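Everything below concerns the one structure shown next.
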Amino acid sequence: MALQFYNTMSRSLEEFRPMEAGRVRMYTCGPTVYNRAHIGNFRAYVFEDLLRRHLKASGYALTHVMNLTDVDDKTIRTSLAEGLPLKDFTKRYIDGFFEDIAALNIERAEHYPAATDYIPEMIELIQALLDKGVAYASEDGSIYFSIEKFPEYGRLAHLDRAGLRPGARVAQDEFEKEDAADFALWKAWSEKDGDVAWDAPWGRGRPGWHIECSAMSMKYLGPSFDIHCGGVDNIFPHHECEIAQSESATGKPFVRYWLHCAHLVVDGKKMSKSLGNFFTLGDLLGEGFSGREIRYQLLATHYRQTLNFTREGLLAARAALARVDEFSDRLRQRAGSVVAGERPEWASAGLAAFRAAMDHDLNVSEGLAALFDMLRAGNKGLDGGEISPAGAAAALSVLAELDNVLGVLKPAGVEADADVLALVEQRQAARAAKQWAESDRLRDEIASRGWLVQDSAQGPKLRRK
RNA sequence: GGCGCGGUAGCCAAGUGGUAAGGCGGAGGUCUGCAAAACCUCUAUUCGUGGGUUCGAUUCCCACCCGCGCCUCCA
């Protein structure tokens, strides 16, 4: 079965064919760097990481761009409030963002352009739109895109002009627009902006939000590219506006496949600070959950499904991962340093099932089912002594292939200290002498140093608690 | 009002016009000095409710109930 994705534009599953054979160009909307991202943001980034990794595992070379929005109302407002230059202020949260994605084992994209580094490109793009007559200047020097010049506007979101209800959220400056639905390409400087401003041919100001994604995607990926992702909330207006700007400027189709992930809720409720269910990654790490436990839970629900994020779910993730770790350790122990041989049937079947599931619009739930089926078959084989060291080594490589996509296996094992190993020795001696009370005491002592000791036919095994 | 998503076991969560994956939790068992781990068995006669189409529906259609998202800068 060929790789297929659900395209928001067509609202149906489509076979994936990149524009250029063997290479995928994708753009994903990144963070606005005015605070630490919350767990909902990371649902989107983890989904995009899964997509990225599966594309790579499918043999594609990748050019992936994620923008950093470092100039907008919030970044300006907060930096002014803290009395910091904008760049210094956003740097803090850009650093924080990279720390967070590292903790979640999210792979780095090829490019992370920050909006303020591409102002000339944005100005050039806005000028092109002005030249084509699809944008206009308002009295205060702001530039707006005229959506009546782009009849396709609303196609992605399935909204027609009549459906754009003039809502309560109409901003103060709306009277400057010719049509309430027009959106800003450039915002004329106002006092609220402090010293954040750039000179453009039509006056001083700063870019609107949408234009950065058009300018920077064009810069790195060209006028047309394969995949554009974001959260469902970006469908309208953000992505709709990107299409209007980009296609009006280039006359070419902007994006071939639009993939949007659903939101997450916490304990079945929308995350909000007032409900006390609003978490940053740091909050959860502080509670003792690991990055990979959080990643696992964010990953385990299909991306188009609302994900229910719970503490209980994190504990379930912890238990599931412990089982995978244990299996991995068993295989490693069995394999020793032997070169991988032929793959056991259950391992190649597991890999095939996993790939097929992921090809089907990233059905990770089914993919994980393939992993656990594999795990059970493998453990059974190990219990029965039916797996050769070469077979175990081969199975280990299959597990590594799955984890190239999932990214949840524990890093290479940490060795216990010599004093812990000495306690294990003492305990073995006690056991040999059938001094069970002493043996149990030593086990507790080892546990107090952070290690679980498990007796097996091959002798005692240590596991990090 | 418009557009759209969802309601599957205690919890999380796939799925298909042909009789319910997987994970966590729980119960029992094998193994073990005891544990742990692993494995085995069990844990939804049923997929929000009521109709309809069909030989057959959780899956398609209609209605209804409930929850949720978007409708101008929120992943």
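Residue numbers start at 1 in each chain; chains themselves are named A, B, ... in the order of the structure tokens; ligands are numbered from 1 in the order shown.
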
Problem - Contacts of Ala188 of chain A at 12 Å (only C-alpha atoms (C1' of nucleotides); same-chain gap of 2+ positions) as an MDAnalysis selection string - result: chainID A and resid 137:144 173 176 184:186 190:193 196:208

Problem - At most 10 Å to chain A: residues in chain B, only C-alpha atoms (C1' of nucleotides), as a ChimeraX atom specification - result: /B:1-6,11-15,21-25,32-39,67-75

I'd like the contact shell of G17 of chain B - 10 Å cut-off, only C-alpha atoms (C1' of nucleotides), skipping same-chain residues fewer than 6 positions apart - returned as a PDB file with all heavy atoms, in the first residue's frame.
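See part12.pdb below for the written result:
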ATOM      1  P     U B  54     -33.656  -3.638   1.533  1.00  0.00           P
ATOM      2  OP1   U B  54     -34.142  -4.004   0.176  1.00  0.00           O
ATOM      3  OP2   U B  54     -34.528  -3.843   2.712  1.00  0.00           O
ATOM      4  O5'   U B  54     -32.296  -4.423   1.787  1.00  0.00           O
ATOM      5  C5'   U B  54     -31.221  -4.335   0.855  1.00  0.00           C
ATOM      6  C4'   U B  54     -30.014  -5.021   1.420  1.00  0.00           C
ATOM      7  O4'   U B  54     -29.540  -4.286   2.580  1.00  0.00           O
ATOM      8  C3'   U B  54     -30.275  -6.425   1.971  1.00  0.00           C
ATOM      9  O3'   U B  54     -30.280  -7.398   0.941  1.00  0.00           O
ATOM     10  C2'   U B  54     -29.090  -6.594   2.923  1.00  0.00           C
ATOM     11  O2'   U B  54     -27.901  -6.912   2.227  1.00  0.00           O
ATOM     12  C1'   U B  54     -28.975  -5.187   3.519  1.00  0.00           C
ATOM     13  N1    U B  54     -29.714  -5.061   4.799  1.00  0.00           N
ATOM     14  C2    U B  54     -28.999  -5.287   5.964  1.00  0.00           C
ATOM     15  O2    U B  54     -27.807  -5.554   5.982  1.00  0.00           O
ATOM     16  N3    U B  54     -29.733  -5.198   7.121  1.00  0.00           N
ATOM     17  C4    U B  54     -31.071  -4.913   7.228  1.00  0.00           C
ATOM     18  O4    U B  54     -31.591  -4.873   8.343  1.00  0.00           O
ATOM     19  C5    U B  54     -31.745  -4.691   5.978  1.00  0.00           C
ATOM     20  C6    U B  54     -31.052  -4.777   4.834  1.00  0.00           C
ATOM     21  P     G B  56     -30.934  -8.757   6.340  1.00  0.00           P
ATOM     22  OP1   G B  56     -31.973  -8.647   7.389  1.00  0.00           O
ATOM     23  OP2   G B  56     -30.912  -7.795   5.220  1.00  0.00           O
ATOM     24  O5'   G B  56     -29.513  -8.766   7.045  1.00  0.00           O
ATOM     25  C5'   G B  56     -29.307  -9.603   8.189  1.00  0.00           C
ATOM     26  C4'   G B  56     -27.844  -9.640   8.541  1.00  0.00           C
ATOM     27  O4'   G B  56     -27.087 -10.121   7.396  1.00  0.00           O
ATOM     28  C3'   G B  56     -27.217  -8.290   8.829  1.00  0.00           C
ATOM     29  O3'   G B  56     -27.426  -7.941  10.191  1.00  0.00           O
ATOM     30  C2'   G B  56     -25.739  -8.541   8.539  1.00  0.00           C
ATOM     31  O2'   G B  56     -25.104  -9.212   9.611  1.00  0.00           O
ATOM     32  C1'   G B  56     -25.823  -9.487   7.340  1.00  0.00           C
ATOM     33  N9    G B  56     -25.709  -8.793   6.066  1.00  0.00           N
ATOM     34  C8    G B  56     -26.715  -8.506   5.175  1.00  0.00           C
ATOM     35  N7    G B  56     -26.288  -7.891   4.095  1.00  0.00           N
ATOM     36  C5    G B  56     -24.924  -7.766   4.295  1.00  0.00           C
ATOM     37  C6    G B  56     -23.924  -7.188   3.468  1.00  0.00           C
ATOM     38  O6    G B  56     -24.062  -6.652   2.356  1.00  0.00           O
ATOM     39  N1    G B  56     -22.668  -7.275   4.053  1.00  0.00           N
ATOM     40  C2    G B  56     -22.397  -7.841   5.268  1.00  0.00           C
ATOM     41  N2    G B  56     -21.135  -7.827   5.664  1.00  0.00           N
ATOM     42  N3    G B  56     -23.321  -8.397   6.048  1.00  0.00           N
ATOM     43  C4    G B  56     -24.547  -8.323   5.499  1.00  0.00           C
ATOM     44  P     A B  57     -27.586  -6.393  10.533  1.00  0.00           P
ATOM     45  OP1   A B  57     -27.840  -6.314  12.005  1.00  0.00           O
ATOM     46  OP2   A B  57     -28.562  -5.805   9.598  1.00  0.00           O
ATOM     47  O5'   A B  57     -26.141  -5.787  10.213  1.00  0.00           O
ATOM     48  C5'   A B  57     -24.999  -6.056  11.048  1.00  0.00           C
ATOM     49  C4'   A B  57     -24.350  -4.743  11.400  1.00  0.00           C
ATOM     50  O4'   A B  57     -23.968  -4.113  10.156  1.00  0.00           O
ATOM     51  C3'   A B  57     -25.349  -3.800  12.067  1.00  0.00           C
ATOM     52  O3'   A B  57     -25.398  -3.932  13.492  1.00  0.00           O
ATOM     53  C2'   A B  57     -24.998  -2.406  11.495  1.00  0.00           C
ATOM     54  O2'   A B  57     -24.167  -1.684  12.356  1.00  0.00           O
ATOM     55  C1'   A B  57     -24.248  -2.722  10.207  1.00  0.00           C
ATOM     56  N9    A B  57     -24.918  -2.324   8.970  1.00  0.00           N
ATOM     57  C8    A B  57     -26.223  -2.365   8.622  1.00  0.00           C
ATOM     58  N7    A B  57     -26.476  -1.932   7.400  1.00  0.00           N
ATOM     59  C5    A B  57     -25.231  -1.572   6.926  1.00  0.00           C
ATOM     60  C6    A B  57     -24.791  -1.034   5.697  1.00  0.00           C
ATOM     61  N6    A B  57     -25.591  -0.760   4.673  1.00  0.00           N
ATOM     62  N1    A B  57     -23.477  -0.794   5.559  1.00  0.00           N
ATOM     63  C2    A B  57     -22.659  -1.071   6.567  1.00  0.00           C
ATOM     64  N3    A B  57     -22.952  -1.585   7.765  1.00  0.00           N
ATOM     65  C4    A B  57     -24.263  -1.807   7.875  1.00  0.00           C
ATOM     66  P     U B  59     -23.296   1.473  12.362  1.00  0.00           P
ATOM     67  OP1   U B  59     -23.836   2.838  12.420  1.00  0.00           O
ATOM     68  OP2   U B  59     -24.136   0.351  11.923  1.00  0.00           O
ATOM     69  O5'   U B  59     -21.994   1.473  11.437  1.00  0.00           O
ATOM     70  C5'   U B  59     -21.050   2.544  11.469  1.00  0.00           C
ATOM     71  C4'   U B  59     -19.854   2.140  10.652  1.00  0.00           C
ATOM     72  O4'   U B  59     -19.510   0.803  11.042  1.00  0.00           O
ATOM     73  C3'   U B  59     -20.082   2.121   9.153  1.00  0.00           C
ATOM     74  O3'   U B  59     -19.293   3.141   8.564  1.00  0.00           O
ATOM     75  C2'   U B  59     -19.597   0.780   8.669  1.00  0.00           C
ATOM     76  O2'   U B  59     -18.550   0.908   7.741  1.00  0.00           O
ATOM     77  C1'   U B  59     -19.036   0.105   9.919  1.00  0.00           C
ATOM     78  N1    U B  59     -19.376  -1.312  10.062  1.00  0.00           N
ATOM     79  C2    U B  59     -18.451  -2.220   9.555  1.00  0.00           C
ATOM     80  O2    U B  59     -17.429  -1.873   8.992  1.00  0.00           O
ATOM     81  N3    U B  59     -18.792  -3.542   9.742  1.00  0.00           N
ATOM     82  C4    U B  59     -19.905  -4.023  10.376  1.00  0.00           C
ATOM     83  O4    U B  59     -20.049  -5.229  10.474  1.00  0.00           O
ATOM     84  C5    U B  59     -20.820  -3.019  10.863  1.00  0.00           C
ATOM     85  C6    U B  59     -20.526  -1.725  10.689  1.00  0.00           C
ATOM     86  P     C B  60     -19.921   4.518   8.138  1.00  0.00           P
ATOM     87  OP1   C B  60     -18.837   5.354   7.569  1.00  0.00           O
ATOM     88  OP2   C B  60     -20.718   5.018   9.273  1.00  0.00           O
ATOM     89  O5'   C B  60     -20.936   4.105   6.977  1.00  0.00           O
ATOM     90  C5'   C B  60     -20.581   4.222   5.601  1.00  0.00           C
ATOM     91  C4'   C B  60     -21.833   4.161   4.770  1.00  0.00           C
ATOM     92  O4'   C B  60     -22.434   2.848   4.909  1.00  0.00           O
ATOM     93  C3'   C B  60     -22.940   5.109   5.222  1.00  0.00           C
ATOM     94  O3'   C B  60     -22.749   6.406   4.690  1.00  0.00           O
ATOM     95  C2'   C B  60     -24.179   4.436   4.647  1.00  0.00           C
ATOM     96  O2'   C B  60     -24.305   4.667   3.274  1.00  0.00           O
ATOM     97  C1'   C B  60     -23.853   2.958   4.890  1.00  0.00           C
ATOM     98  N1    C B  60     -24.376   2.440   6.171  1.00  0.00           N
ATOM     99  C2    C B  60     -25.761   2.283   6.310  1.00  0.00           C
ATOM    100  O2    C B  60     -26.501   2.595   5.365  1.00  0.00           O
ATOM    101  N3    C B  60     -26.253   1.801   7.478  1.00  0.00           N
ATOM    102  C4    C B  60     -25.424   1.480   8.474  1.00  0.00           C
ATOM    103  N4    C B  60     -25.957   1.006   9.599  1.00  0.00           N
ATOM    104  C5    C B  60     -24.011   1.644   8.357  1.00  0.00           C
ATOM    105  C6    C B  60     -23.532   2.124   7.203  1.00  0.00           C
TER     106        C B  60
END

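The protein and nucleic acid residues lying at most 12 Å from U41 of chain B are A27, G28, G29 and U30 of chain B, with only C-alpha atoms (C1' of nucleotides) considered and sequence neighbours fewer than 3 positions away removed.
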
Problem - For atom CA of Gly291 of chain A and atom CA of Phe97 of chain A, the interatomic separation in Å (one decimal) - result: 13.7 Å

Exercise for the section: Name the residues of segment 285-398 of chain A that fall into alpha helix (DSSP H) according to DSSP on the backbone, using the chain letters and numbers of this document, as a ChimeraX atom specification. Expected result: /A:285-286,291-299,311-335,345-359,364-383,389-398

Handout entry: Those in segment 250-292 of chain A with strand (DSSP E) from DSSP, as a list in words
Key = Val255, Arg256, Tyr257, Trp258, Leu259, His260, Cys261, Leu264, Val265, Val266, Lys269 and Lys270 of chain A

Handout entry: Atomic separation - atom CA of Lys91 of chain A relative to atom CA of Gly282 of chain A, Å
Key = 17.8 Å

Problem - Which of B:A44, B:C55, B:G50, B:C65 sits closest to A20 of chain B [using only C-alpha atoms (C1' of nucleotides)] - result: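 Between B:A44, B:C55, B:G50, B:C65, the residue approaching A20 of chain B most closely is B:A44.
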
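For the pair atom CA of Gly83 of chain A and atom CA of Val33 of chain A, the interatomic distance is 16.2 Å.
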
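Comparing A:Ile446, A:Leu375, A:Val408, A:Met358 by their smallest distance to Glu425 of chain A, the closest is A:Ile446 (using only C-alpha atoms).
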
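Distance check against C66 of chain B using only C-alpha atoms (C1' of nucleotides): of B:U8, B:U49, B:U16, B:U43, the minimum falls on B:U49.
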
Handout entry: Residues near Asp70 of chain A, cut-off 9 Å, only C-alpha atoms (C1' of nucleotides), skip fewer than 3 positions along chain, as a VMD selection string
Key = chain A and resid 31 to 34 75 to 76 86 to 87 90 to 91 94 114 to 116

Hey, can you spit out that residue selection with all heavy atoms as an mmCIF file, in the first residue's frame?
data_model
loop_
_atom_site.group_PDB
_atom_site.id
_atom_site.type_symbol
_atom_site.label_atom_id
_atom_site.label_comp_id
_atom_site.auth_asym_id
_atom_site.auth_seq_id
_atom_site.Cartn_x
_atom_site.Cartn_y
_atom_site.Cartn_z
ATOM 1 N N PRO A 31 6.693 27.937 16.757
ATOM 2 C CA PRO A 31 6.209 28.657 17.928
ATOM 3 C C PRO A 31 6.324 30.174 17.803
ATOM 4 O O PRO A 31 7.159 30.677 17.070
ATOM 5 C CB PRO A 31 7.155 28.169 19.027
ATOM 6 C CG PRO A 31 8.440 27.925 18.296
ATOM 7 C CD PRO A 31 8.046 27.392 16.942
ATOM 8 N N THR A 32 5.468 30.855 18.528
ATOM 9 C CA THR A 32 5.639 32.277 18.762
ATOM 10 C C THR A 32 6.425 32.374 20.059
ATOM 11 O O THR A 32 5.983 31.867 21.087
ATOM 12 C CB THR A 32 4.277 32.975 18.913
ATOM 13 O OG1 THR A 32 3.540 32.793 17.700
ATOM 14 C CG2 THR A 32 4.457 34.461 19.161
ATOM 15 N N VAL A 33 7.596 32.966 19.984
ATOM 16 C CA VAL A 33 8.530 32.838 21.093
ATOM 17 C C VAL A 33 8.396 33.981 22.097
ATOM 18 O O VAL A 33 9.257 34.850 22.195
ATOM 19 C CB VAL A 33 9.973 32.716 20.573
ATOM 20 C CG1 VAL A 33 10.187 31.309 20.043
ATOM 21 C CG2 VAL A 33 10.256 33.714 19.447
ATOM 22 N N TYR A 34 7.314 33.935 22.849
ATOM 23 C CA TYR A 34 7.113 34.934 23.895
ATOM 24 C C TYR A 34 6.883 34.266 25.248
ATOM 25 O O TYR A 34 6.719 34.929 26.263
ATOM 26 C CB TYR A 34 5.922 35.838 23.558
ATOM 27 C CG TYR A 34 4.573 35.185 23.745
ATOM 28 C CD1 TYR A 34 3.736 35.540 24.819
ATOM 29 C CD2 TYR A 34 4.139 34.198 22.881
ATOM 30 C CE1 TYR A 34 2.513 34.930 24.996
ATOM 31 C CE2 TYR A 34 2.920 33.583 23.060
ATOM 32 C CZ TYR A 34 2.114 33.947 24.111
ATOM 33 O OH TYR A 34 0.902 33.327 24.292
ATOM 34 N N THR A 75 4.927 39.164 21.429
ATOM 35 C CA THR A 75 6.362 39.316 21.686
ATOM 36 C C THR A 75 6.696 40.773 21.974
ATOM 37 O O THR A 75 7.487 41.061 22.863
ATOM 38 C CB THR A 75 7.196 38.837 20.477
ATOM 39 O OG1 THR A 75 6.606 39.344 19.282
ATOM 40 C CG2 THR A 75 7.227 37.327 20.394
ATOM 41 N N ILE A 76 6.073 41.685 21.217
ATOM 42 C CA ILE A 76 6.361 43.107 21.416
ATOM 43 C C ILE A 76 5.860 43.565 22.785
ATOM 44 O O ILE A 76 6.595 44.169 23.571
ATOM 45 C CB ILE A 76 5.706 43.963 20.305
ATOM 46 C CG1 ILE A 76 6.369 43.657 18.959
ATOM 47 C CG2 ILE A 76 5.817 45.448 20.639
ATOM 48 C CD1 ILE A 76 5.661 44.275 17.775
ATOM 49 N N LEU A 86 13.690 43.446 21.786
ATOM 50 C CA LEU A 86 12.926 42.303 21.270
ATOM 51 C C LEU A 86 13.788 41.061 21.054
ATOM 52 O O LEU A 86 13.435 39.957 21.472
ATOM 53 C CB LEU A 86 12.242 42.704 19.959
ATOM 54 C CG LEU A 86 11.298 41.656 19.375
ATOM 55 C CD1 LEU A 86 10.094 41.429 20.276
ATOM 56 C CD2 LEU A 86 10.828 42.074 17.974
ATOM 57 N N LYS A 87 14.929 41.252 20.399
ATOM 58 C CA LYS A 87 15.790 40.100 20.084
ATOM 59 C C LYS A 87 16.281 39.392 21.341
ATOM 60 O O LYS A 87 16.336 38.160 21.388
ATOM 61 C CB LYS A 87 17.000 40.562 19.255
ATOM 62 C CG LYS A 87 16.750 40.580 17.758
ATOM 63 C CD LYS A 87 16.872 39.175 17.144
ATOM 64 C CE LYS A 87 16.884 39.222 15.616
ATOM 65 N NZ LYS A 87 16.818 37.875 15.007
ATOM 66 N N THR A 90 13.245 37.458 22.834
ATOM 67 C CA THR A 90 12.833 36.238 22.134
ATOM 68 C C THR A 90 13.914 35.167 22.171
ATOM 69 O O THR A 90 13.611 33.979 22.144
ATOM 70 C CB THR A 90 12.465 36.535 20.665
ATOM 71 O OG1 THR A 90 13.565 37.165 20.007
ATOM 72 C CG2 THR A 90 11.240 37.437 20.592
ATOM 73 N N LYS A 91 15.168 35.597 22.266
ATOM 74 C CA LYS A 91 16.264 34.630 22.323
ATOM 75 C C LYS A 91 16.065 33.639 23.463
ATOM 76 O O LYS A 91 16.280 32.440 23.323
ATOM 77 C CB LYS A 91 17.585 35.384 22.518
ATOM 78 C CG LYS A 91 18.783 34.534 22.906
ATOM 79 C CD LYS A 91 19.690 34.314 21.735
ATOM 80 C CE LYS A 91 20.955 33.501 21.992
ATOM 81 N NZ LYS A 91 21.054 32.692 23.170
ATOM 82 N N ILE A 94 13.506 31.200 22.368
ATOM 83 C CA ILE A 94 13.998 30.342 21.279
ATOM 84 C C ILE A 94 14.883 29.260 21.891
ATOM 85 O O ILE A 94 14.750 28.072 21.578
ATOM 86 C CB ILE A 94 14.774 31.186 20.236
ATOM 87 C CG1 ILE A 94 13.787 32.068 19.456
ATOM 88 C CG2 ILE A 94 15.533 30.273 19.277
ATOM 89 C CD1 ILE A 94 14.442 33.090 18.538
ATOM 90 N N ALA A 114 13.843 32.764 11.646
ATOM 91 C CA ALA A 114 13.104 33.655 12.538
ATOM 92 C C ALA A 114 12.592 34.832 11.710
ATOM 93 O O ALA A 114 13.311 35.355 10.844
ATOM 94 C CB ALA A 114 14.024 34.155 13.651
ATOM 95 N N ALA A 115 11.375 35.234 11.963
ATOM 96 C CA ALA A 115 10.724 36.246 11.126
ATOM 97 C C ALA A 115 11.559 37.512 10.976
ATOM 98 O O ALA A 115 11.689 38.045 9.864
ATOM 99 C CB ALA A 115 9.351 36.587 11.703
ATOM 100 N N THR A 116 12.154 37.979 12.068
ATOM 101 C CA THR A 116 12.854 39.268 11.984
ATOM 102 C C THR A 116 14.109 39.218 11.108
ATOM 103 O O THR A 116 14.653 40.256 10.763
ATOM 104 C CB THR A 116 13.267 39.776 13.384
ATOM 105 O OG1 THR A 116 14.034 38.758 14.037
ATOM 106 C CG2 THR A 116 12.046 40.106 14.224
#

Problem - 8 Å contact set for Ala416 of chain A, only C-alpha atoms (C1' of nucleotides), chain neighbours under 3 positions out, as a ChimeraX atom specification - result: /A:420-421,451,462

Exercise for the section: Find the residues near Glu121 of chain A: any atom within 9 Å, counting only C-alpha atoms (C1' of nucleotides), skip ones fewer than 6 places away on the same chain, and give them as JSON, numbers by chain. Expected result: {"A": [212, 215, 216, 219]}
